[in-house]
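Raw contents of my_file19.csv, CSV, C-alpha atoms and all ligand atoms:
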```csv
chain,number,residue,atom,x,y,z
A,194,MET,CA,-150.2,135.3,48.9
A,195,ASN,CA,-149.4,133.8,52.3
A,196,ALA,CA,-152.6,131.9,52.8
A,197,SER,CA,-152.0,128.2,53.6
A,198,PRO,CA,-153.3,125.7,51.1
A,199,PRO,CA,-156.9,124.7,51.4
A,200,ARG,CA,-157.3,121.4,53.1
A,201,ILE,CA,-159.7,119.0,51.4
A,202,GLU,CA,-162.0,117.6,54.0
A,203,PRO,CA,-162.2,113.8,54.3
A,204,LEU,CA,-165.3,112.3,52.8
A,205,ASP,CA,-167.7,110.6,55.2
A,206,VAL,CA,-168.2,107.0,54.1
A,207,GLU,CA,-171.0,104.9,55.4
A,208,GLY,CA,-169.8,102.8,58.3
A,209,GLY,CA,-167.7,105.5,59.9
A,210,ASP,CA,-164.5,105.3,57.9
A,211,THR,CA,-163.3,108.4,56.1
A,212,VAL,CA,-161.2,108.7,52.9
A,213,PRO,CA,-159.7,111.9,51.6
A,214,PHE,CA,-161.3,113.1,48.4
A,215,TYR,CA,-158.8,114.2,45.8
A,216,ALA,CA,-156.3,115.6,48.2
A,217,LEU,CA,-153.4,116.6,45.9
A,218,TRP,CA,-152.0,119.3,48.2
A,219,PRO,CA,-149.4,117.1,49.9
A,220,GLN,CA,-147.7,116.7,46.5
A,221,HIS,CA,-147.8,120.4,45.8
A,222,GLU,CA,-147.1,122.0,49.2
A,223,HIS,CA,-143.3,122.0,49.1
A,224,LEU,CA,-143.4,123.6,45.6
A,225,LEU,CA,-146.0,126.3,46.4
A,226,ALA,CA,-143.6,129.1,46.9
A,227,ARG,CA,-142.0,128.4,43.5
A,228,PHE,CA,-145.3,128.2,41.8
A,229,ARG,CA,-146.4,131.5,43.3
A,230,GLN,CA,-143.2,133.2,42.2
A,231,GLN,CA,-143.5,131.9,38.7
A,232,LEU,CA,-147.2,133.0,38.5
A,233,ASP,CA,-146.3,136.4,39.8
A,234,ASP,CA,-143.6,136.7,37.1
A,235,VAL,CA,-145.9,135.6,34.3
A,236,VAL,CA,-148.7,137.9,35.4
A,237,MET,CA,-146.3,140.9,35.7
A,238,ALA,CA,-144.9,140.2,32.3
A,239,ASN,CA,-148.3,139.8,30.7
A,240,ALA,CA,-147.0,136.6,29.2
A,241,PHE,CA,-150.4,134.8,28.9
A,242,VAL,CA,-149.9,133.7,25.3
A,243,GLY,CA,-146.4,132.6,24.2
A,244,GLY,CA,-143.5,134.3,25.8
A,245,PRO,CA,-140.2,133.1,27.3
A,246,TRP,CA,-141.9,130.7,29.8
A,247,LEU,CA,-143.6,128.8,27.0
A,248,ASP,CA,-140.4,128.9,24.9
A,249,ARG,CA,-138.4,127.4,27.7
A,250,PHE,CA,-141.1,124.8,28.5
A,251,GLU,CA,-141.3,123.6,24.9
A,252,LEU,CA,-137.6,123.2,24.7
A,253,ARG,CA,-137.3,121.4,28.0
A,254,TRP,CA,-140.3,119.2,27.4
A,255,ALA,CA,-139.1,118.1,24.0
A,256,GLU,CA,-135.7,117.2,25.6
A,257,TYR,CA,-137.4,115.4,28.4
A,258,CYS,CA,-139.5,113.3,26.0
A,259,GLY,CA,-136.6,112.6,23.7
A,260,VAL,CA,-138.2,114.2,20.7
A,261,ASP,CA,-137.2,117.0,18.4
A,262,HIS,CA,-140.2,119.4,18.9
A,263,ALA,CA,-142.8,120.2,21.5
A,264,ILE,CA,-145.6,122.8,20.9
A,265,GLY,CA,-147.5,124.2,23.8
A,266,VAL,CA,-151.3,124.6,23.3
A,267,ALA,CA,-154.1,125.6,25.6
A,268,ASN,CA,-155.0,122.1,26.9
A,269,GLY,CA,-154.9,118.4,26.2
A,270,THR,CA,-158.2,118.3,24.3
A,271,ASP,CA,-156.9,121.0,21.9
A,272,ALA,CA,-153.6,119.1,21.5
A,273,ILE,CA,-155.6,116.1,20.2
A,274,GLU,CA,-158.0,118.1,18.0
A,275,LEU,CA,-155.1,120.2,16.5
A,276,THR,CA,-153.1,117.1,15.9
A,277,LEU,CA,-156.0,115.5,14.0
A,278,ARG,CA,-156.7,118.7,12.0
A,279,GLY,CA,-153.0,119.0,11.2
A,280,LEU,CA,-153.0,115.5,9.8
A,281,GLY,CA,-156.0,116.4,7.6
A,282,ILE,CA,-158.3,114.1,9.6
A,283,GLY,CA,-162.0,115.2,9.8
A,284,LEU,CA,-165.4,114.6,8.2
A,285,GLY,CA,-165.9,111.1,6.9
A,286,ASP,CA,-162.9,109.7,8.8
A,287,GLU,CA,-163.1,107.3,11.7
A,288,VAL,CA,-160.6,107.4,14.6
A,289,VAL,CA,-160.1,104.4,16.9
A,290,VAL,CA,-160.4,105.5,20.6
A,291,PRO,CA,-160.1,103.2,23.7
A,292,ALA,CA,-163.4,103.0,25.5
A,293,ASN,CA,-161.5,103.4,28.8
A,294,THR,CA,-160.4,107.0,28.6
A,295,ILE,CA,-161.5,110.4,29.7
A,296,VAL,CA,-164.3,111.9,27.5
A,297,ALA,CA,-161.8,114.5,26.2
A,298,THR,CA,-160.1,112.0,23.9
A,299,ALA,CA,-163.3,111.3,22.0
A,300,ALA,CA,-164.6,114.9,22.3
A,301,ALA,CA,-161.4,116.0,20.4
A,302,VAL,CA,-162.2,113.6,17.6
A,303,VAL,CA,-165.7,115.0,17.3
A,304,ALA,CA,-164.4,118.5,17.5
A,305,ALA,CA,-162.2,117.8,14.5
A,306,GLY,CA,-165.2,116.6,12.6
A,307,ALA,CA,-164.3,112.9,12.6
A,308,THR,CA,-166.1,109.9,14.2
A,309,PRO,CA,-164.7,108.1,17.3
A,310,VAL,CA,-164.9,104.3,17.1
A,311,PHE,CA,-164.6,102.8,20.6
A,312,VAL,CA,-162.6,99.7,21.3
A,313,ASP,CA,-162.2,97.7,24.4
A,314,VAL,CA,-159.0,97.5,26.5
A,315,ASP,CA,-156.9,94.8,28.0
A,316,PRO,CA,-158.6,93.8,31.4
A,317,GLY,CA,-155.2,93.5,33.1
A,318,THR,CA,-153.6,96.9,32.2
A,319,LEU,CA,-156.8,98.7,31.1
A,320,LEU,CA,-154.8,99.9,28.1
A,321,VAL,CA,-155.6,99.4,24.4
A,322,THR,CA,-153.7,96.7,22.6
A,323,GLU,CA,-152.9,95.9,18.9
A,324,SER,CA,-155.6,93.2,18.8
A,325,ASN,CA,-158.3,95.7,20.1
A,326,VAL,CA,-157.2,98.1,17.4
A,327,LEU,CA,-157.1,95.5,14.7
A,328,ALA,CA,-160.7,94.5,15.4
A,329,ALA,CA,-161.9,98.0,14.9
A,330,LEU,CA,-160.3,98.9,11.6
A,331,GLY,CA,-162.5,99.6,8.6
A,332,PRO,CA,-162.2,101.4,5.3
A,333,ALA,CA,-162.9,104.8,6.9
A,334,THR,CA,-160.3,104.4,9.7
A,335,ALA,CA,-157.7,107.2,9.5
A,336,ALA,CA,-156.0,107.1,12.9
A,337,VAL,CA,-155.9,105.4,16.3
A,338,ILE,CA,-155.4,107.3,19.5
A,339,VAL,CA,-153.3,105.3,22.0
A,340,VAL,CA,-154.1,106.5,25.5
A,341,HIS,CA,-151.3,105.9,28.1
A,342,LEU,CA,-153.2,105.6,31.4
A,343,TYR,CA,-152.4,105.6,35.1
A,344,GLY,CA,-148.7,106.1,34.5
A,345,GLN,CA,-148.6,103.0,32.3
A,346,VAL,CA,-147.3,103.1,28.7
A,347,ALA,CA,-149.3,101.2,26.1
A,348,ASP,CA,-147.5,99.0,23.5
A,349,VAL,CA,-147.1,101.7,20.9
A,350,ASP,CA,-144.7,99.7,18.8
A,351,ALA,CA,-147.1,96.8,18.4
A,352,ILE,CA,-150.0,99.1,17.6
A,353,THR,CA,-147.8,101.1,15.2
A,354,ALA,CA,-146.9,97.9,13.4
A,355,VAL,CA,-150.6,97.2,12.8
A,356,ALA,CA,-151.3,100.9,11.9
A,357,ASP,CA,-148.4,100.9,9.4
A,358,ARG,CA,-149.7,97.8,7.7
A,359,HIS,CA,-153.1,99.5,7.3
A,360,GLY,CA,-151.8,103.0,6.4
A,361,ILE,CA,-153.3,104.8,9.4
A,362,VAL,CA,-151.7,107.2,11.8
A,363,VAL,CA,-151.0,106.6,15.5
A,364,ILE,CA,-151.5,109.5,17.9
A,365,GLU,CA,-150.5,109.2,21.6
A,366,ASP,CA,-152.5,110.8,24.4
A,367,ALA,CA,-150.2,111.0,27.4
A,368,ALA,CA,-152.2,113.4,29.5
A,369,GLN,CA,-152.2,110.8,32.3
A,370,ALA,CA,-148.7,109.5,31.8
A,371,HIS,CA,-146.3,112.5,31.9
A,372,GLY,CA,-142.9,111.1,32.6
A,373,ALA,CA,-144.0,107.4,32.3
A,374,ALA,CA,-141.4,105.4,30.4
A,375,THR,CA,-140.9,101.9,29.0
A,376,ASP,CA,-137.8,100.5,27.4
A,377,GLY,CA,-136.1,103.8,27.9
A,378,ARG,CA,-138.7,105.6,25.8
A,379,ARG,CA,-141.1,108.2,27.3
A,380,ALA,CA,-144.7,108.6,26.6
A,381,PRO,CA,-145.2,110.4,24.2
A,382,GLY,CA,-141.8,109.7,22.6
A,383,GLN,CA,-142.2,109.2,18.9
A,384,GLU,CA,-142.7,111.8,16.3
A,385,PRO,CA,-145.0,112.6,14.6
A,386,ARG,CA,-147.1,110.4,16.8
A,387,CYS,CA,-147.4,112.5,19.9
A,388,ALA,CA,-150.0,114.7,21.4
A,389,ARG,CA,-149.3,116.4,24.7
B,1,LIG,C1,-156.3,110.8,29.0
B,1,LIG,C2,-156.6,112.3,28.9
B,1,LIG,N1,-156.7,112.8,27.6
B,1,LIG,C3,-157.0,114.1,27.4
B,1,LIG,C4,-157.3,114.9,28.5
B,1,LIG,C5,-157.8,116.3,28.2
B,1,LIG,O1,-156.9,117.2,28.8
B,1,LIG,P1,-157.5,118.7,29.1
B,1,LIG,O2,-158.4,118.5,30.3
B,1,LIG,O3,-156.2,119.5,29.4
B,1,LIG,O4,-158.2,119.2,27.9
B,1,LIG,C6,-157.3,114.4,29.8
B,1,LIG,C7,-157.6,115.3,31.0
B,1,LIG,O5,-157.4,114.9,32.1
B,1,LIG,C8,-156.9,113.1,30.0
B,1,LIG,O6,-156.9,112.5,31.2
```
Let me see the structure of the file written as structure tokens.
Amino acid sequence: MNASPPRIEPLDVEGGDTVPFYALWPQHEHLLARFRQQLDDVVMANAFVGGPWLDRFELRWAEYCGVDHAIGVANGTDAIELTLRGLGIGLGDEVVVPANTIVATAAAVVAAGATPVFVDVDPGTLLVTESNVLAALGPATAAVIVVHLYGQVADVDAITAVADRHGIVVIEDAAQAHGAATDGRRAPGQEPRCAR
């Protein structure tokens, strides 16, 4: 367990310059000993599903996000699918999804049996706005997934106002915005509108 972290080799770019490709290790290096200790503890306790580590995480994550509850699941895609299923959204329902997001957001909608309807995003922030959402609403729309991206928080209040007027649910995908906040409110920070 004492091996040094693998170094990601710089990518050769035409013209002689080099850029590092996805080198996250400088962020992790000073935490590595703690990560390894925690992994050792989890492995030795066989705590792969549930257990005190998850219990602690759920409590602390809910507190951090300023919400009453957090539920740990296997990954972000499952979080969205389970949220949709929990809300009774599936076959025959449409879910508004920003076109600018990872494939997982739409894949989770499909996994729940519903149909993603893609909408464009604001060219300045690359986030979905209430006017983008409004343009996509139809009789089969059941929900909109707001994706907070690049550490930015989308205007959930404005989108929620539109959604409330049309009787649809707002789900927040904060997989790329852990800890991001606006107006003292974290993403995701409203129940029951949060996923991950
Ligand atoms: C915006 C967004 N939503 C959902 C996901 C899916 O998360 P996971 O890869 O844990 O299933 C990701 C993954 O990076 C993501 O960036």
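The two atoms in question, atom C7 of ligand LIG 1 (chain B) and CA of Ala272 (chain A), are spaced 11.0 Å apart.
Remark: for Arg358 (chain A), the closest of the candidate residues A:Ala267, A:Leu327, A:Val340, A:Ala292 is A:Leu327 (distances computed over all atoms listed in the file).
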Got a sec: who's within 9 Å of Leu277 (chain A), counting only C-alpha atoms, leaving out chain neighbours fewer than 5 positions off, as a PDB file with C-alpha atoms, in the coordinates of the input?
```
ATOM      1  CA  ALA A 272    -153.600 119.100  21.500  1.00  0.00           C
ATOM      2  CA  ILE A 282    -158.300 114.100   9.600  1.00  0.00           C
ATOM      3  CA  GLY A 283    -162.000 115.200   9.800  1.00  0.00           C
ATOM      4  CA  ALA A 301    -161.400 116.000  20.400  1.00  0.00           C
ATOM      5  CA  VAL A 302    -162.200 113.600  17.600  1.00  0.00           C
ATOM      6  CA  ALA A 305    -162.200 117.800  14.500  1.00  0.00           C
ATOM      7  CA  ALA A 307    -164.300 112.900  12.600  1.00  0.00           C
ATOM      8  CA  ALA A 336    -156.000 107.100  12.900  1.00  0.00           C
ATOM      9  CA  ILE A 364    -151.500 109.500  17.900  1.00  0.00           C
TER      10      ILE A 364
END
```
If you take all atoms listed in the file and a cut-off of 9 Å, which residues of chain A touch ligand LIG 1 (chain B), and what are their nearest atom pairs and distances in Å to one decimal, in chain and number order, as CSV?
```
residue,atom,partner,partner_atom,distance
A:Ala267,CA,B:LIG1,O3,7.5
A:Asn268,CA,B:LIG1,O3,3.8
A:Gly269,CA,B:LIG1,O1,3.5
A:Thr270,CA,B:LIG1,O4,3.7
A:Asp271,CA,B:LIG1,O4,6.4
A:Ala272,CA,B:LIG1,O4,7.9
A:Ile273,CA,B:LIG1,C3,7.6
A:Thr294,CA,B:LIG1,C1,5.6
A:Ile295,CA,B:LIG1,C1,5.3
A:Val296,CA,B:LIG1,C3,7.6
A:Ala297,CA,B:LIG1,C5,4.8
A:Thr298,CA,B:LIG1,N1,5.1
A:Ala299,CA,B:LIG1,C3,8.8
A:Ala301,CA,B:LIG1,C3,8.5
A:Val340,CA,B:LIG1,C1,6.0
A:His341,CA,B:LIG1,C1,7.1
A:Leu342,CA,B:LIG1,C1,6.5
A:Tyr343,CA,B:LIG1,C1,8.9
A:Asp366,CA,B:LIG1,N1,5.6
A:Ala367,CA,B:LIG1,C1,6.3
A:Ala368,CA,B:LIG1,C2,4.6
A:Gln369,CA,B:LIG1,O6,5.1
A:Ala370,CA,B:LIG1,C1,8.2
A:Arg389,CA,B:LIG1,C3,8.5
```
So what do you get for CA of Asp233 (chain A) versus CA of Arg249 (chain A), distance-wise?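 That distance, rounded to one decimal, is 17.0 Å.
Excluding Leu319 (chain A) itself and same-chain residues fewer than 4 positions from it, the residues having an atom within 8 Å of it are Asn293, Val314, Asp315 and Leu342 of chain A, counting only C-alpha atoms.
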Between A:Asn325, A:Thr375, A:Thr308, A:Gln230, which residue has the minimum interatomic distance to Ala356 (chain A), considering all atoms listed in the file?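 Using all atoms listed in the file, Ala356 (chain A) sits closest to A:Asn325.
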Just checking: using only C-alpha atoms, which residue out of A:Glu365, A:Gly279, A:Leu232, A:Ala263 ends up closest to Asp350 (chain A)? A:Glu365
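Picture a line from CA of Gly331 (chain A) to CA of His359 (chain A); it runs 9.5 Å.
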Given the point (-143.6, 120.4, 26.0) in the file's coordinates, find the residues that have an atom at most 12 Å from it, counting only C-alpha atoms, and give them as an mmCIF file with C-alpha atoms, keeping the file's coordinate frame.
```cif
data_model
loop_
_atom_site.group_PDB
_atom_site.id
_atom_site.type_symbol
_atom_site.label_atom_id
_atom_site.label_comp_id
_atom_site.auth_asym_id
_atom_site.auth_seq_id
_atom_site.Cartn_x
_atom_site.Cartn_y
_atom_site.Cartn_z
ATOM 1 C CA TRP A 246 -141.900 130.700 29.800
ATOM 2 C CA LEU A 247 -143.600 128.800 27.000
ATOM 3 C CA ASP A 248 -140.400 128.900 24.900
ATOM 4 C CA ARG A 249 -138.400 127.400 27.700
ATOM 5 C CA PHE A 250 -141.100 124.800 28.500
ATOM 6 C CA GLU A 251 -141.300 123.600 24.900
ATOM 7 C CA LEU A 252 -137.600 123.200 24.700
ATOM 8 C CA ARG A 253 -137.300 121.400 28.000
ATOM 9 C CA TRP A 254 -140.300 119.200 27.400
ATOM 10 C CA ALA A 255 -139.100 118.100 24.000
ATOM 11 C CA GLU A 256 -135.700 117.200 25.600
ATOM 12 C CA TYR A 257 -137.400 115.400 28.400
ATOM 13 C CA CYS A 258 -139.500 113.300 26.000
ATOM 14 C CA GLY A 259 -136.600 112.600 23.700
ATOM 15 C CA VAL A 260 -138.200 114.200 20.700
ATOM 16 C CA ASP A 261 -137.200 117.000 18.400
ATOM 17 C CA HIS A 262 -140.200 119.400 18.900
ATOM 18 C CA ALA A 263 -142.800 120.200 21.500
ATOM 19 C CA ILE A 264 -145.600 122.800 20.900
ATOM 20 C CA GLY A 265 -147.500 124.200 23.800
ATOM 21 C CA VAL A 266 -151.300 124.600 23.300
ATOM 22 C CA ALA A 267 -154.100 125.600 25.600
ATOM 23 C CA ASN A 268 -155.000 122.100 26.900
ATOM 24 C CA GLY A 269 -154.900 118.400 26.200
ATOM 25 C CA ALA A 272 -153.600 119.100 21.500
ATOM 26 C CA ALA A 367 -150.200 111.000 27.400
ATOM 27 C CA ALA A 368 -152.200 113.400 29.500
ATOM 28 C CA HIS A 371 -146.300 112.500 31.900
ATOM 29 C CA GLY A 372 -142.900 111.100 32.600
ATOM 30 C CA ALA A 380 -144.700 108.600 26.600
ATOM 31 C CA PRO A 381 -145.200 110.400 24.200
ATOM 32 C CA GLY A 382 -141.800 109.700 22.600
ATOM 33 C CA CYS A 387 -147.400 112.500 19.900
ATOM 34 C CA ALA A 388 -150.000 114.700 21.400
ATOM 35 C CA ARG A 389 -149.300 116.400 24.700
#
```
My list of candidates is A:Gly244, A:Pro291, A:Gly281, A:Pro219. Which is closest to Val339 (chain A) when distances are computed with all atoms listed in the file?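 Answer, going by the shortest atom-to-atom distance: A:Pro291.
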